[in-house]
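Reviewing the structure listed below.
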Amino acid sequence: MLLRPRAADLKVIGLYTGRIILGVGLLMAIPLATALIAAEWSAAVDFVIGMCACLAFGLIAELFCRSSREPTWTHGMVVAGFSWLAATAIGAIPHWLSGYYGSYLDAMFDMMSGYTTTGLILIQDLDHVSNGLNMWRHLLTYAGGQGIIVITLTFLVGSAKGSYPMYVGEGKDERLLPNVIHTARAIWLVSLVYLAVSTPVLWIIASANGQSAVRGFLHALWISMSGWSTGGFAPQSYNTYYYHSLAFETATVVVFVAGSMNFALHWAVWSGQRREIRRNIETVSFAITITVAMLVVTAGLMKLGVYPGFLAALRKIFYQVASGHTTTGYSTIYSRTFVRQWGPVAMLGITMAMAVGASACSTAGGFKGIRVGIAFKGLLLSIRRSIAPERARVVVKWHHLRTRVLDDGAVSSAMLIILCYLAIYGAGTLAGVLYGYPLAEALFDAVSAGSNSGLSCGLTSPGMPALMKVLYILEMWAGRLEFMAVFALAGYCVAIVRGR
Amino acid sequence: MRLIPIAVILFMAALAAPAQAVDLPSPGSAGLVEDANDWDGRSVRFTGEAIGESMMRGTMSWIHLNDDPYGLEETAGLSGFNSGIGVWIEAGLASGITVFGGYGSHGDVVEITGIFNAACPEHGGDMDIHADSLRIARAGHDTAHPIARSRMLAAAVMGALTIGLFLAYAMPRKRSVVEDGRKT
């Protein structure tokens, strides 16, 4: 029998959702300060309104949903699912007020794209936006990469009790440390250290590239934030093509590949377990799948002879493939170049790379290397079982921080999540084809949205049908949360309506 | 007498040069990107708003020209994404651009001529134009972003509401803390 949630349950959900929105509001203090320093008064007023809306929402939740109950597993999952939608809806206020969006839906699209570190954009006339709005766009990806719930756990929730389900609901299930709040803080520590290192490096390169000190610093900071979080946002409409610099490209690759690695792997390496890099199933899986993707794209481009030499081809192919595979979305080519010059084979290679994605418990999206590795080893297990004698016990092992024996449960849960991803990729592709887009293009952008990659072949634009924008928003949301929180929220909504 | 034919040739060349420049095709960034292979290696004319900055690399420089409606027509409304192209040009020529487009300014509208590269062998396969001439077609200027009165009012109302809610949230809590203190 389906039980209807009681008012007390809704209060717990409301309270924690409110706290997360409160966290989003406090985060807006940074772009507000940026706008004030840059004397962008109009943008500053937009952020005051947006910040007050978030704080008011959070305070209303604190006033009307007071509860001393600890959230249960279900509460945590529902909070994770709902808070991302609420944060998108309310957090989009400064975007909308900026005047660079055709509709509130477009503003929400970019908001969800930022939080989920996707990188697809609908912002118009990006080359004329304020520093304040650019700071907010990139901060969103940085915060979203770590997780907006991780932020709340780090700064606003004092007790670890009941926090773990929210943390898991946000698509992370690794405990770097025994206490979930300590884990959330460790994730922030790792991220801030990388930001502190990559920003000066990119700043030096930007200065050598001819950017002024201030613009160079801001670009370095924003690209570091967005690169580490595999977000793919950039301050200019040209994305990373704007810099025309091999050194800049190389530095961004290092940043976004590091960001796409499992936080637990970073923590293990920091703790002295360097061998983990070579042994971990995710790094092995990543090395294999990126090689396959590179080969497919190279085969496609060699056939067409797009680039004048081997080095130029290698530079372009590696950057786009690495960016797609880590689900970053940085690009040194035009969106339409995929269609007009790269052709369907190379596009398929990039699509495959985006679909697979990078590591679990990282800032990246897609199936994740751990699931692809487990699914592949599961296939090996089945083959070996089928050819082994009946009484033989076939054992396949896999390594992630520790070596484990592969069991059917791990294989089926990995396959289930992969199937969910395939379903959202398929839904987005079908919608695109029904709206009249060519299959290769519809598939490319749908996979990009669902895997939180952000590369586009030109389909994603302010002029695309509103229903596709909504579908992509849902794809980005479900893909980022890895479905459990989405299913929990859907189930909860059904229980509210039909429960007894 | 020998000077006469030279003068005639120079005169003809002077007449021919602008005519040749006028004849250069202007496919625009959309045309260049969509039909990159067709335009590869051809001389083109390109007009667009200089945005961002001039990034000097030795004696040369990278500039970016947007030929979208924001750049060329200075449209006040929204007209889709920006579009433009990166231009590799002598730093001396690029220094003629005094205003670059950004939040607080509309950049100089610049006309360049040069060779279009679908995948430039000199620049790691970038799509670009190697320009040999630059002319400021329209000077840039500062842009104002006035704050609407309604926006100010909304900010004031939202600010007051938030402060009110914060007081409502903090007051009872303060009281209960005091009460707890008396009990202990």
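Chain labels A, B, ... are given in the sequence in which chains occur in the structure tokens; within each chain residues are numbered consecutively from 1, and ligands are likewise numbered from 1 in the order shown.
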Test item: chain B residues at most 6 Å from chain A, counting only C-alpha atoms, as a PyMOL selection string
chain B and resi 55-56+80-82+102-103+119+121+124-125+147+155+158-159+162
Selection to disk with C-alpha atoms, as a CSV table (one decimal), in the first residue's frame:
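The resulting part-v4.csv:
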chain,number,residue,atom,x,y,z
B,55,MET,CA,46.1,39.7,-27.9
B,56,MET,CA,49.6,40.6,-29.0
B,80,GLY,CA,20.5,34.9,-30.9
B,81,PHE,CA,24.1,33.9,-30.3
B,82,ASN,CA,27.1,35.9,-31.1
B,102,GLY,CA,32.3,44.3,-23.7
B,103,TYR,CA,29.8,45.0,-21.0
B,119,ALA,CA,42.1,24.9,-40.8
B,121,PRO,CA,48.4,25.2,-40.8
B,124,GLY,CA,47.1,24.4,-35.1
B,125,GLY,CA,44.1,23.9,-37.4
B,147,ILE,CA,18.9,50.9,-13.6
B,155,ALA,CA,15.3,45.3,-4.8
B,158,MET,CA,12.8,42.2,-1.5
B,159,GLY,CA,15.5,43.5,0.9
B,162,THR,CA,14.3,39.4,3.7
Near-Met476 of chain A list (9 Å; only C-alpha atoms; drop same-chain fewer than 3 positions) as a PyMOL selection string
chain A and resi 112-113+116-118+448-452+471-473+479-481
Atom CA of Gly432 of chain A and atom CA of Leu348 of chain A, how far apart in Å?
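We find that atom CA of Leu348 of chain A and atom CA of Gly432 of chain A lie 16.2 Å from each other.
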Among segment 285-476 of chain A, which ones does DSSP place in alpha helix (DSSP H), written as a short mmCIF file (atom, residue, chain, number, x, y, z; two decimals) with N, CA and C atoms, in the first residue's frame?
data_model
loop_
_atom_site.label_atom_id
_atom_site.label_comp_id
_atom_site.auth_asym_id
_atom_site.auth_seq_id
_atom_site.Cartn_x
_atom_site.Cartn_y
_atom_site.Cartn_z
N SER A 285 39.62 2.12 -17.39
CA SER A 285 38.47 2.23 -18.31
C SER A 285 38.57 3.52 -19.14
N PHE A 286 38.93 4.63 -18.46
CA PHE A 286 39.05 5.93 -19.14
C PHE A 286 40.12 5.86 -20.23
N ALA A 287 41.26 5.25 -19.90
CA ALA A 287 42.37 5.16 -20.87
C ALA A 287 41.93 4.37 -22.10
N ILE A 288 41.18 3.30 -21.87
CA ILE A 288 40.76 2.46 -23.01
C ILE A 288 39.71 3.20 -23.86
N THR A 289 38.70 3.74 -23.20
CA THR A 289 37.60 4.35 -23.98
C THR A 289 38.05 5.63 -24.69
N ILE A 290 38.95 6.39 -24.09
CA ILE A 290 39.41 7.61 -24.78
C ILE A 290 40.26 7.22 -26.00
N THR A 291 41.00 6.13 -25.88
CA THR A 291 41.80 5.67 -27.03
C THR A 291 40.87 5.23 -28.17
N VAL A 292 39.82 4.49 -27.82
CA VAL A 292 38.87 4.04 -28.84
C VAL A 292 38.21 5.25 -29.51
N ALA A 293 37.80 6.22 -28.69
CA ALA A 293 37.14 7.41 -29.24
C ALA A 293 38.08 8.18 -30.16
N MET A 294 39.34 8.29 -29.73
CA MET A 294 40.34 8.98 -30.56
C MET A 294 40.50 8.29 -31.91
N LEU A 295 40.53 6.97 -31.88
CA LEU A 295 40.71 6.21 -33.12
C LEU A 295 39.52 6.41 -34.06
N VAL A 296 38.31 6.38 -33.48
CA VAL A 296 37.11 6.55 -34.31
C VAL A 296 37.11 7.94 -34.95
N VAL A 297 37.37 8.97 -34.13
CA VAL A 297 37.35 10.35 -34.65
C VAL A 297 38.46 10.53 -35.69
N THR A 298 39.65 9.99 -35.39
CA THR A 298 40.76 10.11 -36.34
C THR A 298 40.40 9.45 -37.67
N ALA A 299 39.79 8.27 -37.58
CA ALA A 299 39.40 7.56 -38.82
C ALA A 299 38.43 8.43 -39.62
N GLY A 300 37.48 9.04 -38.92
CA GLY A 300 36.48 9.88 -39.60
C GLY A 300 37.12 11.09 -40.27
N LEU A 301 38.08 11.71 -39.56
CA LEU A 301 38.69 12.94 -40.10
C LEU A 301 39.74 12.65 -41.18
N MET A 302 40.42 11.51 -41.03
CA MET A 302 41.42 11.15 -42.05
C MET A 302 40.74 10.97 -43.41
N LYS A 303 39.55 10.38 -43.34
CA LYS A 303 38.80 10.13 -44.57
C LYS A 303 38.48 11.45 -45.27
N LEU A 304 38.21 12.48 -44.46
CA LEU A 304 37.80 13.76 -45.04
C LEU A 304 38.97 14.71 -45.26
N PHE A 310 49.53 16.29 -39.39
CA PHE A 310 49.27 15.35 -38.30
C PHE A 310 49.13 16.07 -36.95
N LEU A 311 50.04 17.02 -36.70
CA LEU A 311 50.03 17.69 -35.39
C LEU A 311 48.78 18.53 -35.20
N ALA A 312 48.39 19.24 -36.27
CA ALA A 312 47.17 20.05 -36.17
C ALA A 312 45.96 19.16 -35.93
N ALA A 313 45.91 18.04 -36.65
CA ALA A 313 44.79 17.11 -36.49
C ALA A 313 44.79 16.53 -35.08
N LEU A 314 45.98 16.13 -34.60
CA LEU A 314 46.08 15.54 -33.27
C LEU A 314 45.62 16.54 -32.21
N ARG A 315 46.06 17.79 -32.35
CA ARG A 315 45.71 18.83 -31.38
C ARG A 315 44.19 19.02 -31.32
N LYS A 316 43.57 19.13 -32.49
CA LYS A 316 42.12 19.36 -32.52
C LYS A 316 41.36 18.13 -32.03
N ILE A 317 41.78 16.96 -32.51
CA ILE A 317 41.04 15.73 -32.15
C ILE A 317 41.17 15.47 -30.65
N PHE A 318 42.40 15.54 -30.14
CA PHE A 318 42.59 15.22 -28.72
C PHE A 318 41.81 16.18 -27.83
N TYR A 319 41.82 17.46 -28.18
CA TYR A 319 41.14 18.44 -27.32
C TYR A 319 39.63 18.18 -27.28
N GLN A 320 39.04 17.99 -28.48
CA GLN A 320 37.58 17.80 -28.49
C GLN A 320 37.19 16.46 -27.86
N VAL A 321 37.99 15.41 -28.12
CA VAL A 321 37.66 14.10 -27.55
C VAL A 321 37.82 14.13 -26.03
N ALA A 322 38.95 14.69 -25.57
CA ALA A 322 39.17 14.74 -24.11
C ALA A 322 38.09 15.58 -23.44
N SER A 323 37.73 16.68 -24.09
CA SER A 323 36.69 17.54 -23.53
C SER A 323 35.35 16.82 -23.49
N GLY A 324 35.04 16.09 -24.56
CA GLY A 324 33.78 15.35 -24.59
C GLY A 324 33.78 14.19 -23.61
N HIS A 325 34.90 13.47 -23.54
CA HIS A 325 34.96 12.28 -22.69
C HIS A 325 34.90 12.65 -21.21
N SER A 335 30.75 25.12 -33.28
CA SER A 335 29.76 24.05 -33.12
C SER A 335 29.41 23.42 -34.45
N ARG A 336 29.20 24.26 -35.45
CA ARG A 336 28.77 23.75 -36.75
C ARG A 336 29.90 23.03 -37.50
N THR A 337 31.14 23.21 -37.03
CA THR A 337 32.26 22.51 -37.66
C THR A 337 32.10 21.00 -37.51
N GLY A 343 31.98 15.61 -39.92
CA GLY A 343 31.19 14.53 -40.51
C GLY A 343 30.67 13.53 -39.50
N PRO A 344 29.82 12.62 -39.93
CA PRO A 344 29.10 11.72 -39.02
C PRO A 344 29.97 10.74 -38.25
N VAL A 345 31.05 10.24 -38.85
CA VAL A 345 31.88 9.24 -38.14
C VAL A 345 32.57 9.90 -36.94
N ALA A 346 33.18 11.05 -37.19
CA ALA A 346 33.86 11.76 -36.09
C ALA A 346 32.84 12.20 -35.04
N MET A 347 31.66 12.63 -35.49
CA MET A 347 30.62 13.03 -34.53
C MET A 347 30.19 11.85 -33.67
N LEU A 348 30.14 10.68 -34.29
CA LEU A 348 29.77 9.47 -33.54
C LEU A 348 30.83 9.15 -32.49
N GLY A 349 32.10 9.32 -32.86
CA GLY A 349 33.19 9.09 -31.91
C GLY A 349 33.07 10.01 -30.70
N ILE A 350 32.80 11.29 -30.95
CA ILE A 350 32.64 12.24 -29.84
C ILE A 350 31.38 11.89 -29.03
N THR A 351 30.31 11.51 -29.72
CA THR A 351 29.07 11.15 -29.02
C THR A 351 29.32 9.97 -28.09
N MET A 352 30.05 8.97 -28.56
CA MET A 352 30.37 7.81 -27.72
C MET A 352 31.17 8.24 -26.49
N ALA A 353 32.15 9.11 -26.72
CA ALA A 353 32.98 9.57 -25.61
C ALA A 353 32.13 10.30 -24.57
N MET A 354 31.22 11.15 -25.05
CA MET A 354 30.35 11.89 -24.12
C MET A 354 29.43 10.94 -23.36
N ALA A 355 28.90 9.95 -24.08
CA ALA A 355 27.96 9.02 -23.44
C ALA A 355 28.62 8.27 -22.29
N VAL A 356 29.88 7.86 -22.50
CA VAL A 356 30.59 7.11 -21.46
C VAL A 356 30.93 8.02 -20.28
N GLY A 369 33.13 5.69 -15.76
CA GLY A 369 34.11 4.65 -16.05
C GLY A 369 33.93 3.41 -15.20
N ILE A 370 33.55 3.62 -13.94
CA ILE A 370 33.42 2.46 -13.04
C ILE A 370 32.32 1.52 -13.53
N ARG A 371 31.23 2.10 -14.05
CA ARG A 371 30.12 1.26 -14.52
C ARG A 371 30.48 0.57 -15.84
N VAL A 372 31.16 1.31 -16.70
CA VAL A 372 31.57 0.71 -17.97
C VAL A 372 32.55 -0.44 -17.69
N GLY A 373 33.47 -0.20 -16.76
CA GLY A 373 34.44 -1.23 -16.38
C GLY A 373 33.75 -2.45 -15.80
N ILE A 374 32.80 -2.22 -14.89
CA ILE A 374 32.09 -3.34 -14.26
C ILE A 374 31.24 -4.08 -15.29
N ALA A 375 30.56 -3.33 -16.17
CA ALA A 375 29.74 -3.97 -17.20
C ALA A 375 30.60 -4.83 -18.12
N PHE A 376 31.78 -4.30 -18.46
CA PHE A 376 32.68 -5.05 -19.34
C PHE A 376 33.18 -6.31 -18.65
N LYS A 377 33.56 -6.15 -17.37
CA LYS A 377 34.04 -7.32 -16.62
C LYS A 377 32.90 -8.31 -16.40
N GLY A 378 31.67 -7.79 -16.27
CA GLY A 378 30.49 -8.66 -16.14
C GLY A 378 30.31 -9.50 -17.41
N LEU A 379 30.56 -8.87 -18.54
CA LEU A 379 30.48 -9.59 -19.81
C LEU A 379 31.54 -10.69 -19.87
N LEU A 380 32.75 -10.32 -19.42
CA LEU A 380 33.83 -11.31 -19.36
C LEU A 380 33.46 -12.48 -18.44
N LEU A 381 32.86 -12.13 -17.30
CA LEU A 381 32.44 -13.14 -16.32
C LEU A 381 31.44 -14.10 -16.96
N SER A 382 30.48 -13.55 -17.68
CA SER A 382 29.47 -14.40 -18.33
C SER A 382 30.11 -15.32 -19.36
N ILE A 383 31.04 -14.77 -20.14
CA ILE A 383 31.69 -15.59 -21.17
C ILE A 383 32.50 -16.71 -20.52
N ARG A 384 33.25 -16.32 -19.47
CA ARG A 384 34.08 -17.34 -18.81
C ARG A 384 33.23 -18.40 -18.12
N ARG A 385 32.11 -17.97 -17.57
CA ARG A 385 31.21 -18.95 -16.94
C ARG A 385 30.65 -19.91 -17.98
N SER A 386 30.34 -19.38 -19.15
CA SER A 386 29.72 -20.23 -20.17
C SER A 386 30.69 -21.26 -20.74
N ILE A 387 31.98 -20.96 -20.68
CA ILE A 387 32.93 -21.94 -21.25
C ILE A 387 33.64 -22.77 -20.17
N ASP A 408 27.15 -10.53 -9.20
CA ASP A 408 26.07 -10.21 -10.12
C ASP A 408 25.34 -8.92 -9.74
N GLY A 409 25.27 -8.67 -8.42
CA GLY A 409 24.58 -7.47 -7.95
C GLY A 409 25.25 -6.20 -8.48
N ALA A 410 26.59 -6.18 -8.42
CA ALA A 410 27.32 -5.00 -8.92
C ALA A 410 27.11 -4.81 -10.42
N VAL A 411 27.10 -5.94 -11.14
CA VAL A 411 26.92 -5.86 -12.60
C VAL A 411 25.53 -5.35 -12.92
N SER A 412 24.51 -5.91 -12.26
CA SER A 412 23.14 -5.52 -12.61
C SER A 412 22.88 -4.07 -12.22
N SER A 413 23.42 -3.61 -11.08
CA SER A 413 23.16 -2.20 -10.72
C SER A 413 23.89 -1.26 -11.68
N ALA A 414 25.09 -1.65 -12.13
CA ALA A 414 25.80 -0.82 -13.12
C ALA A 414 25.01 -0.78 -14.43
N MET A 415 24.52 -1.95 -14.84
CA MET A 415 23.77 -2.01 -16.10
C MET A 415 22.46 -1.22 -16.01
N LEU A 416 21.85 -1.26 -14.83
CA LEU A 416 20.57 -0.54 -14.66
C LEU A 416 20.77 0.96 -14.87
N ILE A 417 21.83 1.50 -14.27
CA ILE A 417 22.09 2.94 -14.42
C ILE A 417 22.46 3.26 -15.88
N ILE A 418 23.25 2.38 -16.50
CA ILE A 418 23.60 2.61 -17.91
C ILE A 418 22.33 2.62 -18.77
N LEU A 419 21.41 1.71 -18.47
CA LEU A 419 20.14 1.67 -19.21
C LEU A 419 19.34 2.96 -19.03
N CYS A 420 19.36 3.48 -17.80
CA CYS A 420 18.66 4.75 -17.53
C CYS A 420 19.26 5.88 -18.38
N TYR A 421 20.59 5.91 -18.44
CA TYR A 421 21.24 6.93 -19.28
C TYR A 421 20.84 6.75 -20.74
N LEU A 422 20.86 5.49 -21.21
CA LEU A 422 20.48 5.24 -22.61
C LEU A 422 19.06 5.72 -22.86
N ALA A 423 18.19 5.54 -21.85
CA ALA A 423 16.79 5.95 -22.01
C ALA A 423 16.69 7.47 -22.18
N ILE A 424 17.44 8.23 -21.38
CA ILE A 424 17.33 9.70 -21.53
C ILE A 424 18.02 10.17 -22.81
N TYR A 425 19.12 9.50 -23.17
CA TYR A 425 19.75 9.86 -24.45
C TYR A 425 18.76 9.60 -25.60
N GLY A 426 18.07 8.46 -25.49
CA GLY A 426 17.12 8.08 -26.54
C GLY A 426 15.94 9.04 -26.61
N ALA A 427 15.44 9.43 -25.43
CA ALA A 427 14.29 10.35 -25.40
C ALA A 427 14.64 11.69 -26.04
N GLY A 428 15.82 12.20 -25.69
CA GLY A 428 16.25 13.49 -26.26
C GLY A 428 16.46 13.39 -27.76
N THR A 429 17.04 12.28 -28.20
CA THR A 429 17.29 12.08 -29.63
C THR A 429 15.96 11.99 -30.38
N LEU A 430 15.04 11.22 -29.83
CA LEU A 430 13.74 11.04 -30.48
C LEU A 430 13.03 12.39 -30.63
N ALA A 431 13.07 13.17 -29.55
CA ALA A 431 12.41 14.49 -29.61
C ALA A 431 13.04 15.34 -30.72
N GLY A 432 14.37 15.31 -30.79
CA GLY A 432 15.06 16.09 -31.83
C GLY A 432 14.67 15.65 -33.23
N VAL A 433 14.63 14.34 -33.43
CA VAL A 433 14.26 13.83 -34.76
C VAL A 433 12.81 14.19 -35.09
N LEU A 434 11.93 14.08 -34.07
CA LEU A 434 10.53 14.43 -34.31
C LEU A 434 10.37 15.91 -34.68
N LEU A 439 19.33 12.97 -37.58
CA LEU A 439 19.57 12.03 -36.49
C LEU A 439 20.91 12.26 -35.79
N ALA A 440 21.99 12.41 -36.58
CA ALA A 440 23.32 12.55 -35.98
C ALA A 440 23.38 13.79 -35.09
N GLU A 441 22.73 14.86 -35.52
CA GLU A 441 22.75 16.10 -34.73
C GLU A 441 21.87 15.97 -33.49
N ALA A 442 20.70 15.36 -33.66
CA ALA A 442 19.79 15.16 -32.52
C ALA A 442 20.45 14.28 -31.46
N LEU A 443 21.14 13.23 -31.91
CA LEU A 443 21.83 12.32 -30.99
C LEU A 443 22.96 13.04 -30.27
N PHE A 444 23.73 13.80 -31.01
CA PHE A 444 24.90 14.50 -30.46
C PHE A 444 24.49 15.41 -29.30
N ASP A 445 23.52 16.27 -29.53
CA ASP A 445 23.15 17.24 -28.49
C ASP A 445 22.36 16.58 -27.35
N ALA A 446 21.57 15.55 -27.68
CA ALA A 446 20.81 14.86 -26.62
C ALA A 446 21.76 14.14 -25.68
N VAL A 447 22.77 13.48 -26.24
CA VAL A 447 23.77 12.79 -25.40
C VAL A 447 24.56 13.82 -24.60
N SER A 448 24.86 14.93 -25.25
CA SER A 448 25.60 16.00 -24.57
C SER A 448 24.83 16.50 -23.34
N ALA A 449 23.52 16.67 -23.50
CA ALA A 449 22.70 17.15 -22.37
C ALA A 449 22.61 16.08 -21.28
N GLY A 450 22.31 14.85 -21.67
CA GLY A 450 22.11 13.79 -20.68
C GLY A 450 23.38 13.40 -19.96
N ALA A 466 10.54 24.99 -27.36
CA ALA A 466 10.50 25.09 -25.89
C ALA A 466 10.44 23.71 -25.25
N LEU A 467 9.72 22.79 -25.89
CA LEU A 467 9.59 21.45 -25.32
C LEU A 467 10.95 20.74 -25.27
N MET A 468 11.77 21.00 -26.27
CA MET A 468 13.11 20.40 -26.26
C MET A 468 13.99 21.02 -25.18
N LYS A 469 13.77 22.31 -24.94
CA LYS A 469 14.52 22.95 -23.84
C LYS A 469 14.15 22.29 -22.51
N VAL A 470 12.83 22.06 -22.32
CA VAL A 470 12.37 21.42 -21.08
C VAL A 470 12.96 20.02 -20.97
N LEU A 471 12.92 19.30 -22.08
CA LEU A 471 13.44 17.93 -22.08
C LEU A 471 14.93 17.90 -21.77
N TYR A 472 15.66 18.82 -22.34
CA TYR A 472 17.10 18.89 -22.06
C TYR A 472 17.36 19.25 -20.58
N ILE A 473 16.53 20.15 -20.04
CA ILE A 473 16.67 20.50 -18.62
C ILE A 473 16.50 19.23 -17.78
N LEU A 474 15.46 18.46 -18.10
CA LEU A 474 15.21 17.23 -17.34
C LEU A 474 16.33 16.21 -17.55
N GLU A 475 16.84 16.15 -18.77
CA GLU A 475 17.97 15.24 -19.05
C GLU A 475 19.18 15.61 -18.21
N MET A 476 19.49 16.91 -18.19
CA MET A 476 20.67 17.38 -17.44
C MET A 476 20.50 17.05 -15.95
#
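Distances from B:Val33, B:Cys120, B:Ala131, B:Ile136 to Gly84 of chain B were compared using only C-alpha atoms, and the smallest one belongs to B:Val33.
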Step one, run DSSP on the backbone; step two, keep only residues of chain B assigned to strand (DSSP E or B); then write them as a ChimeraX atom specification.
/B:43-57,60-66,84-90,101-102,105-106,109-117,128-138,141-142
May I have the selected residues written with C-alpha atoms, as a PDB file, in the first residue's frame?
ATOM      1  CA  SER B  43      40.682  36.316 -50.058  1.00  0.00           C
ATOM      2  CA  VAL B  44      37.680  37.703 -48.241  1.00  0.00           C
ATOM      3  CA  ARG B  45      36.454  40.940 -46.781  1.00  0.00           C
ATOM      4  CA  PHE B  46      35.065  40.747 -43.243  1.00  0.00           C
ATOM      5  CA  THR B  47      33.339  43.425 -41.217  1.00  0.00           C
ATOM      6  CA  GLY B  48      32.563  43.055 -37.541  1.00  0.00           C
ATOM      7  CA  GLU B  49      32.688  44.550 -34.068  1.00  0.00           C
ATOM      8  CA  ALA B  50      36.035  44.101 -32.339  1.00  0.00           C
ATOM      9  CA  ILE B  51      35.308  42.381 -29.031  1.00  0.00           C
ATOM     10  CA  GLY B  52      37.365  41.465 -25.995  1.00  0.00           C
ATOM     11  CA  GLU B  53      40.878  42.664 -26.628  1.00  0.00           C
ATOM     12  CA  SER B  54      43.830  42.548 -28.980  1.00  0.00           C
ATOM     13  CA  MET B  55      46.076  39.716 -27.868  1.00  0.00           C
ATOM     14  CA  MET B  56      49.590  40.552 -29.013  1.00  0.00           C
ATOM     15  CA  ARG B  57      51.948  37.735 -29.968  1.00  0.00           C
ATOM     16  CA  MET B  60      51.333  39.993 -34.635  1.00  0.00           C
ATOM     17  CA  SER B  61      48.053  40.005 -32.807  1.00  0.00           C
ATOM     18  CA  TRP B  62      44.791  38.089 -32.431  1.00  0.00           C
ATOM     19  CA  ILE B  63      41.559  40.049 -32.610  1.00  0.00           C
ATOM     20  CA  HIS B  64      37.986  38.787 -32.782  1.00  0.00           C
ATOM     21  CA  LEU B  65      35.343  40.375 -34.964  1.00  0.00           C
ATOM     22  CA  ASN B  66      31.641  39.715 -34.435  1.00  0.00           C
ATOM     23  CA  GLY B  84      32.307  36.032 -35.607  1.00  0.00           C
ATOM     24  CA  ILE B  85      35.818  34.913 -36.351  1.00  0.00           C
ATOM     25  CA  GLY B  86      39.372  35.176 -35.069  1.00  0.00           C
ATOM     26  CA  VAL B  87      41.686  37.378 -37.133  1.00  0.00           C
ATOM     27  CA  TRP B  88      45.500  37.149 -37.210  1.00  0.00           C
ATOM     28  CA  ILE B  89      46.876  40.554 -38.026  1.00  0.00           C
ATOM     29  CA  GLU B  90      49.953  42.734 -37.626  1.00  0.00           C
ATOM     30  CA  GLY B 101      33.271  45.443 -27.214  1.00  0.00           C
ATOM     31  CA  GLY B 102      32.342  44.296 -23.732  1.00  0.00           C
ATOM     32  CA  SER B 105      31.267  49.385 -24.495  1.00  0.00           C
ATOM     33  CA  HIS B 106      30.391  48.701 -28.063  1.00  0.00           C
ATOM     34  CA  VAL B 109      33.308  48.141 -36.195  1.00  0.00           C
ATOM     35  CA  VAL B 110      36.283  47.053 -38.254  1.00  0.00           C
ATOM     36  CA  GLU B 111      36.626  46.045 -41.875  1.00  0.00           C
ATOM     37  CA  ILE B 112      39.491  43.737 -42.742  1.00  0.00           C
ATOM     38  CA  THR B 113      40.617  41.914 -45.843  1.00  0.00           C
ATOM     39  CA  GLY B 114      42.685  38.769 -45.815  1.00  0.00           C
ATOM     40  CA  ILE B 115      43.000  35.067 -46.516  1.00  0.00           C
ATOM     41  CA  PHE B 116      40.485  32.714 -44.909  1.00  0.00           C
ATOM     42  CA  ASN B 117      41.794  29.414 -43.538  1.00  0.00           C
ATOM     43  CA  ASP B 128      40.848  32.058 -38.988  1.00  0.00           C
ATOM     44  CA  ILE B 129      41.531  34.946 -41.321  1.00  0.00           C
ATOM     45  CA  HIS B 130      45.064  36.221 -41.874  1.00  0.00           C
ATOM     46  CA  ALA B 131      44.365  39.880 -42.478  1.00  0.00           C
ATOM     47  CA  ASP B 132      46.499  42.274 -44.517  1.00  0.00           C
ATOM     48  CA  SER B 133      44.436  45.436 -44.173  1.00  0.00           C
ATOM     49  CA  LEU B 134      42.276  47.016 -41.529  1.00  0.00           C
ATOM     50  CA  ARG B 135      39.920  49.966 -41.624  1.00  0.00           C
ATOM     51  CA  ILE B 136      37.774  51.373 -38.837  1.00  0.00           C
ATOM     52  CA  ALA B 137      34.306  51.495 -40.378  1.00  0.00           C
ATOM     53  CA  ARG B 138      32.570  52.903 -37.319  1.00  0.00           C
ATOM     54  CA  HIS B 141      31.585  53.960 -27.831  1.00  0.00           C
ATOM     55  CA  ASP B 142      30.661  53.431 -24.205  1.00  0.00           C
TER      56      ASP B 142
END
Nearby residues (only C-alpha atoms) at most 10 Å from Thr183 of chain A, same-chain spacing under 2 positions excluded, as a PyMOL selection string:
chain A and resi 150+153-154+167+174-181+185-189+263-264
If I take atom CA of Leu139 of chain A and atom CA of Val168 of chain A, how far is one from the other in Å, to one decimal?
22.3 Å
So, counting only C-alpha atoms, which residue among A:Val255, A:Ala196, A:Met108, A:Ala234 is closest to Thr363 of chain A?
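When distances to Thr363 of chain A are compared using only C-alpha atoms, the smallest one comes from A:Val255.
Taking atom CA of Gly147 of chain A as the reference point, atom CA of Tyr115 of chain A is found at 7.8 Å.
The protein and nucleic acid residues lying at most 10 Å from Thr17 of chain A are A:Lys11, A:Val12, A:Leu22, A:Gly23, A:Phe57, A:Gly58, A:Ala61, A:Glu62, A:Gly76, A:Val78, A:Val79, A:Ala80, A:Gly81, A:Phe82, A:Ser83, A:Trp84, A:Ala86, A:Ala87, A:Ile149, A:Thr152, with only C-alpha atoms considered and sequence neighbours fewer than 5 positions away removed.
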Quick one: everything within 9 Å of His75 of chain A, counting only C-alpha atoms, minus sequence neighbours fewer than 2 positions away in the same chain. Send it as a count of residues only.
15
